[in-house]
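Colleague: Input structure: my_file-v7.cif, which contains mmCIF, C-alpha atoms and all ligand atoms.
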```
data_run
loop_
_atom_site.group_PDB
_atom_site.id
_atom_site.type_symbol
_atom_site.label_atom_id
_atom_site.label_comp_id
_atom_site.auth_asym_id
_atom_site.auth_seq_id
_atom_site.Cartn_x
_atom_site.Cartn_y
_atom_site.Cartn_z
ATOM 1 C CA VAL F 1 -52.519 68.566 57.184
ATOM 2 C CA ASP F 2 -54.149 71.910 57.951
ATOM 3 C CA VAL F 3 -50.712 73.513 57.776
ATOM 4 C CA LEU F 4 -50.154 71.918 54.366
ATOM 5 C CA LYS F 5 -53.540 73.180 53.143
ATOM 6 C CA PHE F 6 -52.673 76.651 54.324
ATOM 7 C CA VAL F 7 -49.209 76.623 52.739
ATOM 8 C CA SER F 8 -50.641 75.328 49.460
ATOM 9 C CA LYS F 9 -53.342 78.000 49.293
ATOM 10 C CA TRP F 10 -50.877 80.683 50.326
ATOM 11 C CA LEU F 11 -48.351 79.666 47.642
ATOM 12 C CA HIS F 12 -51.146 79.302 45.032
ATOM 13 C CA LEU F 13 -52.240 82.874 45.695
ATOM 14 C CA LEU F 14 -48.701 84.292 45.888
ATOM 15 C CA SER F 15 -47.615 82.703 42.606
ATOM 16 C CA ILE F 16 -50.794 83.802 40.813
ATOM 17 C CA ILE F 17 -50.476 87.336 42.109
ATOM 18 C CA SER F 18 -46.881 87.365 40.837
ATOM 19 C CA VAL F 19 -47.760 86.023 37.379
ATOM 20 C CA PHE F 20 -50.781 88.288 36.973
ATOM 21 C CA GLY F 21 -48.876 91.336 38.233
ATOM 22 C CA SER F 22 -45.922 90.612 35.932
ATOM 23 C CA LEU F 23 -48.215 90.296 32.914
ATOM 24 C CA ILE F 24 -49.977 93.582 33.664
ATOM 25 C CA PHE F 25 -46.648 95.310 34.246
ATOM 26 C CA ALA F 26 -45.279 93.908 30.978
ATOM 27 C CA TRP F 27 -48.382 95.010 29.058
ATOM 28 C CA LEU F 28 -48.823 98.440 30.641
ATOM 29 C CA VAL F 29 -45.197 99.469 31.184
ATOM 30 C CA MET F 30 -42.573 97.355 29.443
ATOM 31 C CA VAL F 31 -44.092 97.039 25.978
ATOM 32 C CA PRO F 32 -44.994 100.733 25.584
ATOM 33 C CA VAL F 33 -41.582 101.925 26.842
ATOM 34 C CA MET F 34 -39.679 99.442 24.641
ATOM 35 C CA ARG F 35 -41.782 100.494 21.658
ATOM 36 C CA LYS F 36 -41.264 104.179 22.320
ATOM 37 C CA HIS F 37 -37.497 103.681 22.306
ATOM 38 C CA ALA F 38 -37.628 101.075 19.514
ATOM 39 C CA ILE F 39 -35.569 98.601 21.550
ATOM 40 C CA GLU F 40 -37.971 95.636 21.550
ATOM 41 C CA GLU F 41 -35.534 93.351 19.738
ATOM 42 C CA GLU F 42 -32.346 94.718 21.288
ATOM 43 C CA GLU F 43 -30.522 94.399 24.570
ATOM 44 C CA PRO F 44 -31.409 94.766 27.352
ATOM 45 C CA SER F 45 -35.015 94.148 26.238
ATOM 46 C CA ARG F 46 -34.264 90.624 25.053
ATOM 47 C CA ALA F 47 -32.566 89.786 28.359
ATOM 48 C CA ILE F 48 -35.534 91.222 30.264
ATOM 49 C CA TRP F 49 -38.021 89.056 28.319
ATOM 50 C CA LYS F 50 -35.814 86.006 28.824
ATOM 51 C CA THR F 51 -35.509 86.508 32.590
ATOM 52 C CA LEU F 52 -39.221 87.207 32.881
ATOM 53 C CA GLY F 53 -39.950 84.033 30.891
ATOM 54 C CA ILE F 54 -37.827 81.917 33.255
ATOM 55 C CA SER F 55 -39.435 83.470 36.353
ATOM 56 C CA LEU F 56 -42.912 82.842 34.937
ATOM 57 C CA GLY F 57 -41.968 79.233 34.188
ATOM 58 C CA ILE F 58 -40.992 78.637 37.822
ATOM 59 C CA LEU F 59 -44.112 80.424 39.101
ATOM 60 C CA TRP F 60 -46.310 78.313 36.790
ATOM 61 C CA LEU F 61 -44.795 75.179 38.264
ATOM 62 C CA VAL F 62 -45.844 76.387 41.739
ATOM 63 C CA ILE F 63 -49.355 77.305 40.450
ATOM 64 C CA LEU F 64 -49.871 73.844 38.949
ATOM 65 C CA LEU F 65 -48.510 71.896 41.944
ATOM 66 C CA THR F 66 -50.518 73.879 44.505
ATOM 67 C CA GLY F 67 -53.605 74.004 42.215
ATOM 68 C CA PHE F 68 -53.764 70.243 41.837
ATOM 69 C CA PHE F 69 -53.127 69.825 45.549
ATOM 70 C CA ASN F 70 -56.111 72.159 46.135
ATOM 71 C CA VAL F 71 -58.188 69.934 43.848
ATOM 72 C CA TYR F 72 -57.137 66.893 45.882
ATOM 73 C CA VAL F 73 -58.181 68.699 49.080
ATOM 74 C CA VAL F 74 -61.659 69.776 47.914
ATOM 75 C CA SER F 75 -62.740 67.248 45.270
ATOM 76 C CA ALA F 76 -64.231 64.623 47.606
ATOM 77 C CA SER F 77 -66.630 67.084 49.227
ATOM 78 C CA VAL F 78 -67.943 68.932 46.166
ATOM 79 C CA GLY F 79 -70.595 68.129 43.579
ATOM 80 C CA LYS F 80 -71.064 68.253 39.817
ATOM 81 C CA ALA F 81 -71.576 71.992 39.442
ATOM 82 C CA TYR F 82 -68.334 72.699 41.276
ATOM 83 C CA HIS F 83 -66.455 70.223 39.085
ATOM 84 C CA THR F 84 -67.880 71.829 35.952
ATOM 85 C CA PHE F 85 -66.600 75.258 36.951
ATOM 86 C CA LEU F 86 -63.335 73.708 38.101
ATOM 87 C CA GLY F 87 -62.951 72.003 34.707
ATOM 88 C CA ALA F 88 -63.486 75.333 32.942
ATOM 89 C CA LYS F 89 -60.950 76.956 35.237
ATOM 90 C CA ILE F 90 -58.329 74.277 34.617
ATOM 91 C CA ALA F 91 -58.883 74.463 30.838
ATOM 92 C CA LEU F 92 -58.402 78.255 30.856
ATOM 93 C CA ALA F 93 -55.390 77.964 33.178
ATOM 94 C CA LEU F 94 -53.741 75.479 30.805
ATOM 95 C CA LEU F 95 -54.528 77.782 27.882
ATOM 96 C CA MET F 96 -52.777 80.574 29.792
ATOM 97 C CA LEU F 97 -49.806 78.302 30.417
ATOM 98 C CA GLY F 98 -49.585 77.413 26.714
ATOM 99 C CA LEU F 99 -49.869 81.051 25.652
ATOM 100 C CA SER F 100 -47.209 82.231 28.100
ATOM 101 C CA MET F 101 -44.887 79.489 26.919
ATOM 102 C CA ALA F 102 -45.423 80.422 23.286
ATOM 103 C CA MET F 103 -44.817 84.082 24.085
ATOM 104 C CA PHE F 104 -41.680 83.699 26.154
ATOM 105 C CA HIS F 105 -39.981 80.616 24.737
ATOM 106 C CA PRO F 106 -37.258 81.689 22.281
ATOM 107 C CA ALA F 107 -37.941 78.846 19.787
ATOM 108 C CA PRO F 108 -38.240 80.045 16.146
ATOM 109 C CA ALA F 109 -41.675 78.403 15.906
ATOM 110 C CA PHE F 110 -43.031 80.970 18.371
ATOM 111 C CA ALA F 111 -41.765 84.062 16.490
ATOM 112 C CA GLN F 112 -45.349 84.997 15.606
ATOM 113 C CA PHE F 113 -46.247 85.208 19.311
ATOM 114 C CA ARG F 114 -43.258 87.402 20.093
ATOM 115 C CA ARG F 115 -44.111 89.811 17.294
ATOM 116 C CA ASN F 116 -47.617 90.275 18.661
ATOM 117 C CA ARG F 117 -46.626 90.519 22.306
ATOM 118 C CA PRO F 118 -48.985 93.364 23.296
ATOM 119 C CA GLN F 119 -52.055 91.492 22.016
ATOM 120 C CA TRP F 120 -51.070 88.205 23.623
ATOM 121 C CA LEU F 121 -50.222 89.926 26.896
ATOM 122 C CA LEU F 122 -53.643 91.544 26.901
ATOM 123 C CA ALA F 123 -55.245 88.170 26.129
ATOM 124 C CA LEU F 124 -53.384 86.651 29.088
ATOM 125 C CA VAL F 125 -54.461 89.458 31.417
ATOM 126 C CA VAL F 126 -58.105 89.003 30.367
ATOM 127 C CA LEU F 127 -57.890 85.207 30.753
ATOM 128 C CA GLY F 128 -56.234 85.676 34.154
ATOM 129 C CA ALA F 129 -59.048 87.973 35.300
ATOM 130 C CA ILE F 130 -61.638 85.385 34.210
ATOM 131 C CA VAL F 131 -59.769 82.574 35.992
ATOM 132 C CA VAL F 132 -59.555 84.616 39.210
ATOM 133 C CA GLY F 133 -63.320 85.252 38.918
ATOM 134 C CA LEU F 134 -64.019 81.535 38.458
ATOM 135 C CA SER F 135 -61.804 80.808 41.481
ATOM 136 C CA ALA F 136 -63.653 83.316 43.642
ATOM 137 C CA HIS F 137 -66.918 81.645 42.601
ATOM 138 C CA LEU F 138 -65.511 78.187 43.408
ATOM 139 C CA ASN F 139 -64.463 79.343 46.841
ATOM 140 C CA LEU F 140 -67.730 81.166 47.624
ATOM 141 C CA SER F 141 -69.851 78.249 46.415
ATOM 142 C CA ARG F 142 -68.042 76.017 48.879
ATOM 143 C CA LEU F 143 -68.365 78.526 51.713
ATOM 144 C CA SER F 144 -72.095 79.014 51.127
ATOM 145 C CA GLY F 145 -72.550 75.243 51.000
ATOM 146 C CA ALA F 146 -73.963 75.343 47.454
ATOM 147 C CA ALA F 147 -71.065 73.322 46.050
ATOM 148 C CA LEU F 148 -71.103 70.634 48.683
ATOM 149 C CA GLU F 149 -72.379 67.266 47.639
ATOM 150 C CA ARG F 150 -75.251 65.986 49.750
ATOM 151 C CA PRO F 151 -75.957 62.214 50.028
ATOM 152 C CA ALA F 152 -79.202 62.745 48.056
ATOM 153 C CA ASP F 153 -77.211 64.086 45.095
ATOM 154 C CA VAL F 154 -75.659 60.687 44.455
ATOM 155 C CA SER F 155 -78.883 59.310 42.982
ATOM 156 C CA ARG F 156 -79.160 62.132 40.417
HETATM 157 C C1 LIG F 201 -54.298 73.926 36.515
HETATM 158 C C2 LIG F 201 -54.115 74.939 37.310
HETATM 159 C C3 LIG F 201 -54.958 75.244 38.516
HETATM 160 C C4 LIG F 201 -55.681 74.402 39.332
HETATM 161 C C5 LIG F 201 -55.838 72.905 39.237
HETATM 162 C C6 LIG F 201 -56.307 75.241 40.370
HETATM 163 C C7 LIG F 201 -57.140 74.774 41.386
HETATM 164 C C8 LIG F 201 -57.646 75.534 42.415
HETATM 165 C C9 LIG F 201 -58.548 75.076 43.451
HETATM 166 C C10 LIG F 201 -59.127 73.672 43.559
HETATM 167 C C11 LIG F 201 -58.797 76.122 44.295
HETATM 168 C C12 LIG F 201 -59.670 76.109 45.550
HETATM 169 C C13 LIG F 201 -61.002 76.772 45.259
HETATM 170 C C14 LIG F 201 -61.927 76.672 46.442
HETATM 171 O O1 LIG F 201 -61.626 77.269 47.473
HETATM 172 O O2 LIG F 201 -62.956 75.984 46.326
HETATM 173 C C15 LIG F 201 -58.049 77.255 43.785
HETATM 174 C C16 LIG F 201 -58.046 78.523 44.341
HETATM 175 C C17 LIG F 201 -57.666 79.664 43.671
HETATM 176 N N1 LIG F 201 -57.093 79.715 42.411
HETATM 177 FE FE1 LIG F 201 -56.471 78.119 41.318
HETATM 178 N N2 LIG F 201 -55.953 76.546 40.151
HETATM 179 C C18 LIG F 201 -55.146 76.594 39.023
HETATM 180 C C19 LIG F 201 -54.631 77.728 38.422
HETATM 181 C C20 LIG F 201 -54.989 79.017 38.773
HETATM 182 C C21 LIG F 201 -54.711 80.209 38.007
HETATM 183 C C22 LIG F 201 -53.958 80.227 36.677
HETATM 184 C C23 LIG F 201 -55.249 81.268 38.686
HETATM 185 C C24 LIG F 201 -55.282 82.736 38.348
HETATM 186 C C25 LIG F 201 -55.022 83.288 37.188
HETATM 187 C C26 LIG F 201 -55.846 80.747 39.894
HETATM 188 C C27 LIG F 201 -56.454 81.511 40.877
HETATM 189 C C28 LIG F 201 -56.941 81.042 42.072
HETATM 190 C C29 LIG F 201 -57.405 81.883 43.146
HETATM 191 C C30 LIG F 201 -57.402 83.408 43.145
HETATM 192 C C31 LIG F 201 -57.853 81.011 44.158
HETATM 193 C C32 LIG F 201 -58.390 81.395 45.527
HETATM 194 C C33 LIG F 201 -59.885 81.429 45.612
HETATM 195 C C34 LIG F 201 -60.274 81.780 47.028
HETATM 196 O O3 LIG F 201 -59.824 81.125 47.961
HETATM 197 O O4 LIG F 201 -61.006 82.746 47.193
HETATM 198 N N3 LIG F 201 -55.685 79.370 39.916
HETATM 199 N N4 LIG F 201 -57.374 76.863 42.636
#
```
Now that the file is in, can you turn its structure into structure tokens?
Modeller:
Amino acid sequence: VDVLKFVSKWLHLLSIISVFGSLIFAWLVMVPVMRKHAIEEEEPSRAIWKTLGISLGILWLVILLTGFFNVYVVSASVGKAYHTFLGAKIALALLMLGLSMAMFHPAPAFAQFRRNRPQWLLALVVLGAIVVGLSAHLNLSRLSGAALERPADVSR
């Protein structure tokens, strides 16, 4: 089981690093270069967005599977405060998932999101930074013992 815990944490981190890195790269490099050359709606830009969208979709699947496995691993040993932060983290993570879907899915309904790609990319990067911060707090609060539920807590 320890191996499984390790693999899950490892994959969680790898997939998040990949998503976060891709979003920063898209915001800092791809959008400005495509704009400069006015090729945002032409090939190969469209193909690049499509391939990126598919890669992010697969990475998100890994994030969710490993994230919920992490929850399963820690939830029995942690208290209310931890669960509150965890709830906030999950809500923001799902918001990120929804936003990335809206931005990369080619459905006509999402045209508005594609037009405002730079803003939405920035929003995703900011949300990602907050979620990583919440995660660091979750981890540290467990390591310091602050998050761990003591028998006395049950009565509160
Ligand atoms: C619904 C989706 C997600 C769930 C259920 C989830 C759940 C978890 C849980 C329970 C942990 C263990 C924390 C601890 O050690 O106490 C964790 C670790 C972590 N998560 Fe997530 N997560 C999700 C999505 C994300 C996203 C979107 C990001 C980043 C943008 C992220 C970043 C991290 C990081 C960086 C850690 C490692 C913290 C550390 O060990 O220092 N997670 N996740």
Colleague: So that I can check the surroundings of Leu92 (chain F), please list as a ChimeraX atom specification every protein, DNA and RNA residue that reaches within 12 Å of it, counting all atoms listed in the file and ignoring chain neighbours fewer than 2 positions away.
Modeller: /F:85-90,94-99,123-135
Colleague: Under the PyMOL selection byres (((chain F and resi 100) around 12) and not hetatm), which residues of this model are included? Write them out as number ranges by chain.
Modeller: F: 19-20, 22-23, 49, 52-57, 59-60, 93-99, 101-106, 110, 113-114, 117, 120-125, 127-128
Colleague: Could you write out the selected residues, including C-alpha atoms, as a PDB file, keeping the file's coordinate frame?
Modeller:
```
ATOM      1  CA  VAL F  19     -47.760  86.023  37.379  1.00  0.00           C
ATOM      2  CA  PHE F  20     -50.781  88.288  36.973  1.00  0.00           C
ATOM      3  CA  SER F  22     -45.922  90.612  35.932  1.00  0.00           C
ATOM      4  CA  LEU F  23     -48.215  90.296  32.914  1.00  0.00           C
ATOM      5  CA  TRP F  49     -38.021  89.056  28.319  1.00  0.00           C
ATOM      6  CA  LEU F  52     -39.221  87.207  32.881  1.00  0.00           C
ATOM      7  CA  GLY F  53     -39.950  84.033  30.891  1.00  0.00           C
ATOM      8  CA  ILE F  54     -37.827  81.917  33.255  1.00  0.00           C
ATOM      9  CA  SER F  55     -39.435  83.470  36.353  1.00  0.00           C
ATOM     10  CA  LEU F  56     -42.912  82.842  34.937  1.00  0.00           C
ATOM     11  CA  GLY F  57     -41.968  79.233  34.188  1.00  0.00           C
ATOM     12  CA  LEU F  59     -44.112  80.424  39.101  1.00  0.00           C
ATOM     13  CA  TRP F  60     -46.310  78.313  36.790  1.00  0.00           C
ATOM     14  CA  ALA F  93     -55.390  77.964  33.178  1.00  0.00           C
ATOM     15  CA  LEU F  94     -53.741  75.479  30.805  1.00  0.00           C
ATOM     16  CA  LEU F  95     -54.528  77.782  27.882  1.00  0.00           C
ATOM     17  CA  MET F  96     -52.777  80.574  29.792  1.00  0.00           C
ATOM     18  CA  LEU F  97     -49.806  78.302  30.417  1.00  0.00           C
ATOM     19  CA  GLY F  98     -49.585  77.413  26.714  1.00  0.00           C
ATOM     20  CA  LEU F  99     -49.869  81.051  25.652  1.00  0.00           C
ATOM     21  CA  MET F 101     -44.887  79.489  26.919  1.00  0.00           C
ATOM     22  CA  ALA F 102     -45.423  80.422  23.286  1.00  0.00           C
ATOM     23  CA  MET F 103     -44.817  84.082  24.085  1.00  0.00           C
ATOM     24  CA  PHE F 104     -41.680  83.699  26.154  1.00  0.00           C
ATOM     25  CA  HIS F 105     -39.981  80.616  24.737  1.00  0.00           C
ATOM     26  CA  PRO F 106     -37.258  81.689  22.281  1.00  0.00           C
ATOM     27  CA  PHE F 110     -43.031  80.970  18.371  1.00  0.00           C
ATOM     28  CA  PHE F 113     -46.247  85.208  19.311  1.00  0.00           C
ATOM     29  CA  ARG F 114     -43.258  87.402  20.093  1.00  0.00           C
ATOM     30  CA  ARG F 117     -46.626  90.519  22.306  1.00  0.00           C
ATOM     31  CA  TRP F 120     -51.070  88.205  23.623  1.00  0.00           C
ATOM     32  CA  LEU F 121     -50.222  89.926  26.896  1.00  0.00           C
ATOM     33  CA  LEU F 122     -53.643  91.544  26.901  1.00  0.00           C
ATOM     34  CA  ALA F 123     -55.245  88.170  26.129  1.00  0.00           C
ATOM     35  CA  LEU F 124     -53.384  86.651  29.088  1.00  0.00           C
ATOM     36  CA  VAL F 125     -54.461  89.458  31.417  1.00  0.00           C
ATOM     37  CA  LEU F 127     -57.890  85.207  30.753  1.00  0.00           C
ATOM     38  CA  GLY F 128     -56.234  85.676  34.154  1.00  0.00           C
TER      39      GLY F 128
END
```
Colleague: Near Ser144 (chain F), counting all atoms listed in the file, which residues have an atom at most 12 Å away, once you skip same-chain residues fewer than 6 positions from it, shown as JSON, numbers by chain?
Modeller: {"F": [78, 137, 138]}
Colleague: Rounded to one decimal place, report the atom C6 of ligand LIG 201 (chain F)-CA of Tyr82 (chain F) distance in Å.
Modeller: 12.3 Å
Colleague: Considering all atoms listed in the file, state which residue in the set F:Arg115, F:Lys50, F:His12, F:Arg142 is at the smallest distance from Phe68 (chain F).
Modeller: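 The closest residue to Phe68 (chain F) is F:His12.
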Colleague: Just how far from CA of Ala146 (chain F) is atom C23 of ligand LIG 201 (chain F), in Å to one decimal?
Modeller: 21.5 Å
Colleague: Find the distance between CA of Gly145 (chain F) and CA of Ile17 (chain F) and write it in Å to one decimal.
Modeller: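 Value for the CA of Gly145 (chain F)-CA of Ile17 (chain F) distance: 26.7 Å.
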